[in-house]
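*Asks:* So here's start29.pdb, just PDB, C-alpha atoms and all ligand atoms:
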ATOM      1  CA  MET A   1      88.099 215.808  30.993
ATOM      2  CA  ALA A   2      87.880 214.055  34.376
ATOM      3  CA  LYS A   3      88.906 216.187  37.334
ATOM      4  CA  ASP A   4      89.047 214.720  40.808
ATOM      5  CA  VAL A   5      90.399 214.899  44.338
ATOM      6  CA  ILE A   6      92.774 212.040  45.238
ATOM      7  CA  ILE A   7      93.275 211.292  48.946
ATOM      8  CA  ALA A   8      96.905 210.422  49.801
ATOM      9  CA  CYS A   9      96.404 207.521  52.213
ATOM     10  CA  ASP A  10      99.807 207.736  53.888
ATOM     11  CA  PHE A  11      99.073 205.230  56.653
ATOM     12  CA  PRO A  12     101.583 202.622  57.849
ATOM     13  CA  SER A  13      99.201 199.662  57.724
ATOM     14  CA  GLY A  14      96.343 198.227  55.727
ATOM     15  CA  GLY A  15      94.183 198.111  58.866
ATOM     16  CA  GLU A  16      94.505 201.833  59.506
ATOM     17  CA  THR A  17      93.830 202.615  55.855
ATOM     18  CA  LEU A  18      90.681 200.517  55.704
ATOM     19  CA  ALA A  19      89.471 201.950  59.047
ATOM     20  CA  PHE A  20      89.946 205.434  57.569
ATOM     21  CA  LEU A  21      88.018 204.527  54.401
ATOM     22  CA  GLU A  22      85.189 202.952  56.441
ATOM     23  CA  GLN A  23      84.198 206.491  57.422
ATOM     24  CA  PHE A  24      83.016 207.079  53.866
ATOM     25  CA  GLU A  25      79.555 205.565  53.674
ATOM     26  CA  THR A  26      78.349 206.848  50.353
ATOM     27  CA  GLU A  27      81.320 208.359  48.498
ATOM     28  CA  ARG A  28      84.149 206.277  47.082
ATOM     29  CA  PRO A  29      87.043 208.762  46.848
ATOM     30  CA  TYR A  30      90.051 208.251  44.588
ATOM     31  CA  VAL A  31      92.813 206.811  46.817
ATOM     32  CA  LYS A  32      96.577 207.217  46.450
ATOM     33  CA  ILE A  33      98.606 204.258  47.695
ATOM     34  CA  GLY A  34     102.255 205.179  48.176
ATOM     35  CA  MET A  35     105.427 203.230  48.896
ATOM     36  CA  GLU A  36     104.973 203.048  52.671
ATOM     37  CA  LEU A  37     101.564 201.412  52.486
ATOM     38  CA  PHE A  38     102.367 199.226  49.475
ATOM     39  CA  TYR A  39     105.622 197.875  50.886
ATOM     40  CA  GLY A  40     104.139 197.492  54.363
ATOM     41  CA  ALA A  41     100.785 195.934  53.520
ATOM     42  CA  GLY A  42     101.628 194.264  50.194
ATOM     43  CA  PRO A  43      99.653 194.074  46.943
ATOM     44  CA  ASP A  44      96.565 192.759  48.766
ATOM     45  CA  ILE A  45      95.841 196.277  50.028
ATOM     46  CA  VAL A  46      95.349 197.390  46.409
ATOM     47  CA  ARG A  47      92.815 194.621  45.847
ATOM     48  CA  ALA A  48      91.039 195.339  49.152
ATOM     49  CA  ILE A  49      90.637 199.049  48.384
ATOM     50  CA  ARG A  50      89.638 198.342  44.794
ATOM     51  CA  ASP A  51      87.033 195.841  46.010
ATOM     52  CA  ARG A  52      85.494 198.632  48.130
ATOM     53  CA  GLY A  53      84.949 200.486  44.856
ATOM     54  CA  HIS A  54      87.626 203.180  45.081
ATOM     55  CA  PRO A  55      89.622 204.277  42.028
ATOM     56  CA  ILE A  56      93.339 203.851  42.838
ATOM     57  CA  PHE A  57      96.479 205.856  42.054
ATOM     58  CA  LEU A  58      99.471 203.599  42.723
ATOM     59  CA  ASP A  59     102.274 206.031  43.520
ATOM     60  CA  LEU A  60     105.344 203.779  43.367
ATOM     61  CA  LYS A  61     107.545 206.004  41.150
ATOM     62  CA  LEU A  62     109.278 203.235  39.198
ATOM     63  CA  CYS A  63     112.750 203.856  37.734
ATOM     64  CA  ASP A  64     114.989 201.057  36.397
ATOM     65  CA  ILE A  65     116.143 199.608  33.082
ATOM     66  CA  PRO A  66     113.322 199.441  30.514
ATOM     67  CA  ASN A  67     112.887 195.671  30.612
ATOM     68  CA  THR A  68     112.589 195.561  34.408
ATOM     69  CA  VAL A  69     110.091 198.413  34.473
ATOM     70  CA  LYS A  70     108.057 196.767  31.714
ATOM     71  CA  SER A  71     107.832 193.512  33.711
ATOM     72  CA  ALA A  72     106.987 195.338  36.935
ATOM     73  CA  MET A  73     104.266 197.317  35.153
ATOM     74  CA  ARG A  74     102.775 194.056  33.939
ATOM     75  CA  VAL A  75     102.435 192.946  37.576
ATOM     76  CA  LEU A  76     100.874 196.285  38.571
ATOM     77  CA  ARG A  77      98.522 196.107  35.584
ATOM     78  CA  ASP A  78      97.010 192.938  36.997
ATOM     79  CA  LEU A  79      96.333 194.608  40.366
ATOM     80  CA  GLY A  80      93.766 196.818  38.645
ATOM     81  CA  ALA A  81      94.986 200.310  39.579
ATOM     82  CA  ASP A  82      93.543 203.229  37.599
ATOM     83  CA  MET A  83      96.671 205.406  37.639
ATOM     84  CA  VAL A  84     100.348 204.430  38.022
ATOM     85  CA  ASN A  85     103.538 206.491  37.932
ATOM     86  CA  LEU A  86     107.270 206.378  37.191
ATOM     87  CA  HIS A  87     110.248 208.749  37.023
ATOM     88  CA  ALA A  88     110.667 210.563  33.702
ATOM     89  CA  PHE A  89     114.371 210.496  34.616
ATOM     90  CA  GLY A  90     114.419 206.856  33.412
ATOM     91  CA  THR A  91     114.350 208.174  29.794
ATOM     92  CA  ARG A  92     111.852 207.796  26.977
ATOM     93  CA  ALA A  93     112.874 204.180  26.288
ATOM     94  CA  MET A  94     111.912 203.276  29.863
ATOM     95  CA  MET A  95     108.612 205.153  29.650
ATOM     96  CA  GLU A  96     107.706 203.442  26.367
ATOM     97  CA  ALA A  97     108.538 200.032  27.851
ATOM     98  CA  ALA A  98     106.405 200.864  30.905
ATOM     99  CA  LEU A  99     103.466 201.710  28.696
ATOM    100  CA  GLU A 100     103.796 198.375  26.926
ATOM    101  CA  GLY A 101     103.875 196.487  30.217
ATOM    102  CA  LEU A 102     100.857 198.352  31.536
ATOM    103  CA  THR A 103      98.652 197.730  28.496
ATOM    104  CA  ARG A 104      96.188 194.844  28.871
ATOM    105  CA  PRO A 105      95.683 192.324  26.070
ATOM    106  CA  ASP A 106      92.424 194.110  25.143
ATOM    107  CA  GLY A 107      94.319 197.394  24.622
ATOM    108  CA  THR A 108      92.983 199.172  27.736
ATOM    109  CA  ARG A 109      95.318 200.415  30.452
ATOM    110  CA  ALA A 110      95.660 202.521  33.580
ATOM    111  CA  LEU A 111      96.734 206.156  33.209
ATOM    112  CA  LEU A 112     100.519 206.443  33.268
ATOM    113  CA  ILE A 113     101.933 209.587  34.862
ATOM    114  CA  ALA A 114     105.562 210.740  35.120
ATOM    115  CA  VAL A 115     107.312 212.393  38.037
ATOM    116  CA  THR A 116     109.499 215.174  36.597
ATOM    117  CA  GLN A 117     111.678 216.640  39.350
ATOM    118  CA  LEU A 118     110.834 215.754  42.933
ATOM    119  CA  THR A 119     109.731 218.876  44.770
ATOM    120  CA  SER A 120     112.341 218.021  47.416
ATOM    121  CA  THR A 121     115.094 218.624  44.815
ATOM    122  CA  SER A 122     116.257 222.234  44.838
ATOM    123  CA  GLU A 123     117.835 223.932  41.847
ATOM    124  CA  GLU A 124     121.038 224.286  43.872
ATOM    125  CA  ARG A 125     121.287 220.537  44.574
ATOM    126  CA  MET A 126     120.379 219.720  41.001
ATOM    127  CA  LYS A 127     123.355 221.790  39.876
ATOM    128  CA  LYS A 128     125.824 220.711  42.546
ATOM    129  CA  GLU A 129     124.939 217.043  42.970
ATOM    130  CA  LEU A 130     123.354 216.060  39.673
ATOM    131  CA  LEU A 131     125.499 218.367  37.515
ATOM    132  CA  ILE A 132     122.419 219.644  35.683
ATOM    133  CA  ASP A 133     123.270 223.214  34.843
ATOM    134  CA  ARG A 134     119.842 224.463  33.755
ATOM    135  CA  PRO A 135     116.959 226.157  35.559
ATOM    136  CA  LEU A 136     114.839 223.564  37.374
ATOM    137  CA  SER A 137     111.702 224.690  35.550
ATOM    138  CA  ASP A 138     113.397 223.939  32.183
ATOM    139  CA  THR A 139     114.033 220.375  33.288
ATOM    140  CA  VAL A 140     110.436 219.976  34.534
ATOM    141  CA  LEU A 141     109.014 221.099  31.185
ATOM    142  CA  HIS A 142     111.547 219.110  29.167
ATOM    143  CA  TYR A 143     110.826 215.917  31.146
ATOM    144  CA  ALA A 144     107.098 216.567  30.669
ATOM    145  CA  GLU A 145     107.663 216.791  26.907
ATOM    146  CA  ASN A 146     109.644 213.541  26.974
ATOM    147  CA  ALA A 147     106.771 211.880  28.820
ATOM    148  CA  LYS A 148     104.317 213.132  26.231
ATOM    149  CA  LEU A 149     106.508 211.946  23.354
ATOM    150  CA  ALA A 150     106.708 208.528  25.003
ATOM    151  CA  GLY A 151     102.901 208.381  24.988
ATOM    152  CA  LEU A 152     102.257 208.968  28.686
ATOM    153  CA  ASP A 153      99.114 210.668  29.957
ATOM    154  CA  GLY A 154     100.568 213.395  32.156
ATOM    155  CA  VAL A 155     102.903 214.423  34.955
ATOM    156  CA  VAL A 156     102.974 214.980  38.692
ATOM    157  CA  CYS A 157     103.816 218.639  39.274
ATOM    158  CA  SER A 158     103.077 221.640  41.446
ATOM    159  CA  PRO A 159      99.741 223.363  40.733
ATOM    160  CA  LEU A 160     101.913 226.425  40.070
ATOM    161  CA  GLU A 161     103.474 224.568  37.109
ATOM    162  CA  ALA A 162     100.193 223.148  35.747
ATOM    163  CA  GLY A 163      99.583 226.053  33.368
ATOM    164  CA  LEU A 164     103.067 225.900  31.852
ATOM    165  CA  VAL A 165     102.845 222.119  31.420
ATOM    166  CA  HIS A 166      99.492 222.489  29.644
ATOM    167  CA  GLU A 167     100.902 225.260  27.457
ATOM    168  CA  ARG A 168     103.838 223.071  26.431
ATOM    169  CA  CYS A 169     102.131 219.666  26.237
ATOM    170  CA  GLY A 170      98.470 220.478  25.542
ATOM    171  CA  MET A 171      95.310 220.673  27.637
ATOM    172  CA  ASP A 172      94.711 216.914  27.395
ATOM    173  CA  PHE A 173      98.037 216.171  29.061
ATOM    174  CA  LEU A 174      97.135 215.592  32.713
ATOM    175  CA  THR A 175      98.569 217.493  35.659
ATOM    176  CA  VAL A 176      98.385 215.624  38.965
ATOM    177  CA  THR A 177      99.248 218.084  41.709
ATOM    178  CA  PRO A 178     100.088 217.664  45.415
ATOM    179  CA  GLY A 179     100.905 220.623  47.681
ATOM    180  CA  VAL A 180      97.272 221.573  48.318
ATOM    181  CA  ARG A 181      96.046 223.153  51.564
ATOM    182  CA  PHE A 182      92.815 224.802  52.714
ATOM    183  CA  SER A 183      93.257 228.522  53.237
ATOM    184  CA  ASP A 184      92.819 228.000  56.991
ATOM    185  CA  SER A 185      94.826 224.773  57.542
ATOM    186  CA  ALA A 186      98.449 224.026  58.527
ATOM    187  CA  VAL A 187     101.013 223.957  55.726
ATOM    188  CA  GLY A 188     103.150 221.244  57.415
ATOM    189  CA  ASP A 189     106.307 220.343  55.469
ATOM    190  CA  GLN A 190     104.944 221.479  52.096
ATOM    191  CA  VAL A 191     106.659 224.611  50.878
ATOM    192  CA  ARG A 192     104.744 226.004  47.914
ATOM    193  CA  VAL A 193     101.041 225.377  48.523
ATOM    194  CA  THR A 194      97.785 226.384  46.873
ATOM    195  CA  THR A 195      94.137 226.020  47.864
ATOM    196  CA  PRO A 196      91.854 223.567  46.002
ATOM    197  CA  GLU A 197      90.064 226.508  44.381
ATOM    198  CA  ARG A 198      93.297 228.095  43.191
ATOM    199  CA  ALA A 199      94.515 224.692  41.912
ATOM    200  CA  ARG A 200      91.372 224.595  39.772
ATOM    201  CA  THR A 201      91.948 228.043  38.318
ATOM    202  CA  LEU A 202      95.606 227.164  37.668
ATOM    203  CA  GLY A 203      94.470 224.168  35.597
ATOM    204  CA  SER A 204      95.212 221.117  37.800
ATOM    205  CA  ASP A 205      93.380 218.022  36.615
ATOM    206  CA  TYR A 206      93.757 215.946  39.793
ATOM    207  CA  ILE A 207      94.736 217.311  43.191
ATOM    208  CA  VAL A 208      96.439 214.971  45.663
ATOM    209  CA  VAL A 209      95.502 215.860  49.238
ATOM    210  CA  GLY A 210      96.781 214.006  52.296
ATOM    211  CA  ARG A 211      96.886 215.440  55.803
ATOM    212  CA  PRO A 212      94.253 218.174  55.363
ATOM    213  CA  ILE A 213      91.805 215.267  54.929
ATOM    214  CA  THR A 214      93.394 212.280  56.729
ATOM    215  CA  ARG A 215      94.166 214.279  59.890
ATOM    216  CA  ALA A 216      91.004 216.366  59.906
ATOM    217  CA  GLU A 217      88.629 216.017  62.838
ATOM    218  CA  ASP A 218      85.948 215.078  60.330
ATOM    219  CA  PRO A 219      87.704 213.588  57.261
ATOM    220  CA  VAL A 220      84.476 213.085  55.299
ATOM    221  CA  ALA A 221      83.531 216.763  55.731
ATOM    222  CA  ALA A 222      87.090 217.816  54.798
ATOM    223  CA  TYR A 223      86.951 215.640  51.675
ATOM    224  CA  ARG A 224      83.592 217.146  50.664
ATOM    225  CA  ARG A 225      84.894 220.656  51.227
ATOM    226  CA  CYS A 226      87.896 219.857  49.055
ATOM    227  CA  VAL A 227      85.718 218.461  46.244
ATOM    228  CA  ASN A 228      83.405 221.501  46.409
ATOM    229  CA  GLU A 229      86.266 223.967  46.298
ATOM    230  CA  PHE A 230      88.129 222.110  43.531
ATOM    231  CA  LEU A 231      85.203 221.209  41.296
ATOM    232  CA  GLY A 232      83.443 224.475  41.934
ATOM    233  CA  GLY A 233      80.519 223.052  43.981
TER     234      GLY A 233
HETATM  235  O1  LIG T 301      99.731 215.332  53.368
HETATM  236  P1  LIG T 301      99.999 216.006  52.053
HETATM  237  O2  LIG T 301      98.767 216.684  51.484
HETATM  238  O3  LIG T 301     101.202 216.916  52.078
HETATM  239  O4  LIG T 301     100.323 214.780  51.077
HETATM  240  C1  LIG T 301     100.733 214.968  49.742
HETATM  241  C2  LIG T 301     101.046 213.652  49.113
HETATM  242  O5  LIG T 301     101.598 213.885  47.834
HETATM  243  C3  LIG T 301     102.065 212.798  49.878
HETATM  244  O6  LIG T 301     101.702 211.432  49.686
HETATM  245  C4  LIG T 301     103.367 213.121  49.207
HETATM  246  O7  LIG T 301     104.287 212.070  49.291
HETATM  247  C5  LIG T 301     102.914 213.325  47.770
HETATM  248  N1  LIG T 301     103.793 214.141  46.948
HETATM  249  C6  LIG T 301     104.141 215.449  47.268
HETATM  250  N2  LIG T 301     104.963 216.162  46.454
HETATM  251  C7  LIG T 301     105.442 215.608  45.336
HETATM  252  C8  LIG T 301     105.111 214.308  44.993
HETATM  253  C9  LIG T 301     104.274 213.591  45.830
HETATM  254  O8  LIG T 301     103.683 215.970  48.287
HETATM  255  N3  LIG T 301     106.193 216.321  44.534
END
Before we go any further, please render this structure as structure tokens.
Ligand code: C5P
*Replies:*
Amino acid sequence: MAKDVIIACDFPSGGETLAFLEQFETERPYVKIGMELFYGAGPDIVRAIRDRGHPIFLDLKLCDIPNTVKSAMRVLRDLGADMVNLHAFGTRAMMEAALEGLTRPDGTRALLIAVTQLTSTSEERMKKELLIDRPLSDTVLHYAENAKLAGLDGVVCSPLEAGLVHERCGMDFLTVTPGVRFSDSAVGDQVRVTTPERARTLGSDYIVVGRPITRAEDPVAAYRRCVNEFLGG
């Protein structure tokens, strides 16, 4: 199964993103485009990065009624991303509709990944504000199962949850995991972090790494270090 390091390109403009990617002369790392960049730079940034030869994870976390998500996925499909995501919260009907919208006429499609619970949601808030009276980890695993039943390819989760998700949904069900830091780098606003090497042993399929690479003095060297540690050099 493919395992890879995805760089979270959380830059405010297309220009800054492309200038960052210019530093990579030989490698073409997997790039995550999030809401800030997509809404700021528009769909053209997806085409520009794709034309440079980078695989793309479009992290737009869709959640709406099934028909709207299906139509939106059809638009994203034509941008040529390799991985797209949505909120499992939108229910299985929405996830199934999304899959339909994402599938090209020839039957091929990008990987479709579900966000279970945002890591910014605490169990306390889930209980008090969302009136969900269950342990947070139960909801993560249940949403992952829903995503699998809907035919999706995997979930975004913490590397610490990757093993449980694989146990419940199978080894082929992908775990895409942010919250990764080098053992000697700043944690920043991430709370529960793991190193690339530990993410590998915990069973992550793709690690999403932002600031440890984008803000490194030498981003290309930081990317290579990350790949070596995660893929086992
Ligand atoms: O800079 P850093 O490595 O913390 O970036 C992680 C990326 O993964 C960011 O783009 C962040 O929005 C995203 N992410 C996350 N935690 C989640 C889901 C997405 O950190 N649960």
*Asks:* For the structure provided, state which residues fall under the PyMOL selection byres (((chain A and resi 185) around 10) and not hetatm), and present them as a list in words.
*Replies:* Arg181, Phe182, Ser183, Asp184, Ala186, Val187, Gly188, Thr195, Arg211, Pro212 and Ala216 of chain A
*Asks:* Using only C-alpha atoms and all ligand atoms, which protein or nucleic acid residues are at most 8 Å from ligand LIG 301 (chain T), as a list of chain:residue names?
*Replies:*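 I would give the residues around ligand LIG 301 (chain T) as A:Ala8, A:Cys9, A:Asp10, A:Lys32, A:Gly34, A:Val115, A:Gln117, A:Leu118, A:Thr119, A:Ser120, A:Val156, A:Cys157, A:Ser158, A:Thr177, A:Pro178, A:Gly179, A:Val180, A:Arg181, A:Val187, A:Gly188, A:Asp189, A:Gln190, A:Val208, A:Val209, A:Gly210, A:Arg211, A:Pro212, A:Ile213, A:Thr214.
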*Asks:* Kindly indicate which residue among A:Asp4, A:Asp59, A:Asp51, A:Arg28 lies nearest to A:Ala199, using all atoms listed in the file for the distances.
*Replies:*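 The answer is A:Asp4, which sits nearest to A:Ala199.
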*Asks:* What's the 12 Å shell around A:Ser122, counting only C-alpha atoms, without same-chain residues fewer than 4 positions away, as a list in words?
*Replies:*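 Residues near the query, excluding close chain neighbours: Gln117, Leu118, Met126, Lys127, Lys128, Glu129, Leu130, Ile132, Arg134, Pro135, Leu136, Ser137, Thr139 and Val191 of chain A.
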*Asks:* Taking only C-alpha atoms into account, which of A:Leu18, A:Leu76, A:Val69, A:Leu174 comes nearest A:His54?
*Replies:* A:Leu18
*Asks:* Near A:Val84, within 6 Å and counting all atoms listed in the file, which residues show up once chain neighbours fewer than 2 positions away are dropped, as a list of chain:residue names?
*Replies:* A:Phe57, A:Leu58, A:Leu112
*Asks:* Keeping only C-alpha atoms, write the selected residues to a file as a CSV table (one decimal), in the coordinates of the input.
*Replies:*
chain,number,residue,atom,x,y,z
A,57,PHE,CA,96.5,205.9,42.1
A,58,LEU,CA,99.5,203.6,42.7
A,112,LEU,CA,100.5,206.4,33.3
*Asks:* Quick one: everything within 10 Å of A:Leu152, counting all atoms listed in the file, minus sequence neighbours fewer than 5 positions away in the same chain. Send it as a VMD selection string.
*Replies:* chain A and resid 85 88 92 95 to 96 98 to 99 111 to 114 144 to 147 173 to 174
*Asks:* Using the chain letters and residue numbers of this document, give as number ranges by chain the residues selected by the PyMOL selection byres (((chain A and resi 229) around 10) and not hetatm).
*Replies:* A: 182, 195-200, 223-228, 230-233
*Asks:* Any idea what's packed within 10 Å of A:Arg77, counting all atoms listed in the file, ignoring anything in its chain fewer than 6 positions away? Could you give it as a PyMOL selection string?
*Replies:* chain A and resi 71+83-84+101-104+109-110
*Asks:* Between atom CA of A:Val31 and atom CA of A:Arg47, what is the distance in Å, rounded to a tenth?
*Replies:*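 We find that atom CA of A:Val31 and atom CA of A:Arg47 lie 12.2 Å from each other.
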*Asks:* Please determine, counting only C-alpha atoms, which residue among A:His142, A:Arg52, A:His87, A:Arg192 has the shortest atom-to-atom distance to A:Phe24.
*Replies:* A:Arg52
*Asks:* Have a look at atom CA of A:Val140 and atom CA of A:Leu60 and let me know their distance in Å, one decimal.
*Replies:*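 For atom CA of A:Val140 relative to atom CA of A:Leu60, the distance reads 19.1 Å.
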*Asks:* Work out how far apart atom CA of A:Leu131 and atom CA of A:Val193 are and give it in Å to one decimal.
*Replies:* 27.7 Å
*Asks:* Check the smallest atom-to-atom distance from each of A:Phe20, A:Tyr143, A:Tyr206, A:Phe89 to A:Ile65 using all atoms listed in the file, then report the winner.
*Replies:* A:Phe89
*Asks:* Give the answer as one residue: which of A:Leu149, A:Asp133, A:Leu79, A:Asp44 has the shortest atom-to-atom distance to A:Ala93, using only C-alpha atoms?
*Replies:*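 Once distances to A:Ala93 are computed over only C-alpha atoms, the minimum belongs to A:Leu149.
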*Asks:* Take the point (99.4, 231.3, 38.2) in the file's coordinates, draw a sphere of radius 10 Å around it, and report as a tab-separated table (two decimals) with C-alpha atoms, in the coordinates of the input every protein, DNA or RNA residue with an atom inside or on it, counting only C-alpha atoms.
*Replies:*
chain	number	residue	atom	x	y	z
A	159	PRO	CA	99.74	223.36	40.73
A	160	LEU	CA	101.91	226.42	40.07
A	161	GLU	CA	103.47	224.57	37.11
A	162	ALA	CA	100.19	223.15	35.75
A	163	GLY	CA	99.58	226.05	33.37
A	164	LEU	CA	103.07	225.90	31.85
A	198	ARG	CA	93.30	228.10	43.19
A	199	ALA	CA	94.52	224.69	41.91
A	201	THR	CA	91.95	228.04	38.32
A	202	LEU	CA	95.61	227.16	37.67
A	203	GLY	CA	94.47	224.17	35.60
*Asks:* Take every atom of stretch 16-22 of chain A listed in the file, fit an axis-aligned box around them, add 4 Å per side, and give the centre and edge lengths in Å to one decimal as JSON.
*Replies:*
{"center_x": 89.8, "center_y": 203.0, "center_z": 57.0, "size_x": 17.3, "size_y": 12.9, "size_z": 13.1}
*Asks:* Pick from A:Leu141, A:Ala2, A:Val155, A:Ala41: nearest to A:Thr17, with all atoms listed in the file counted?
*Replies:*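 Using all atoms listed in the file, A:Thr17 sits closest to A:Ala41.
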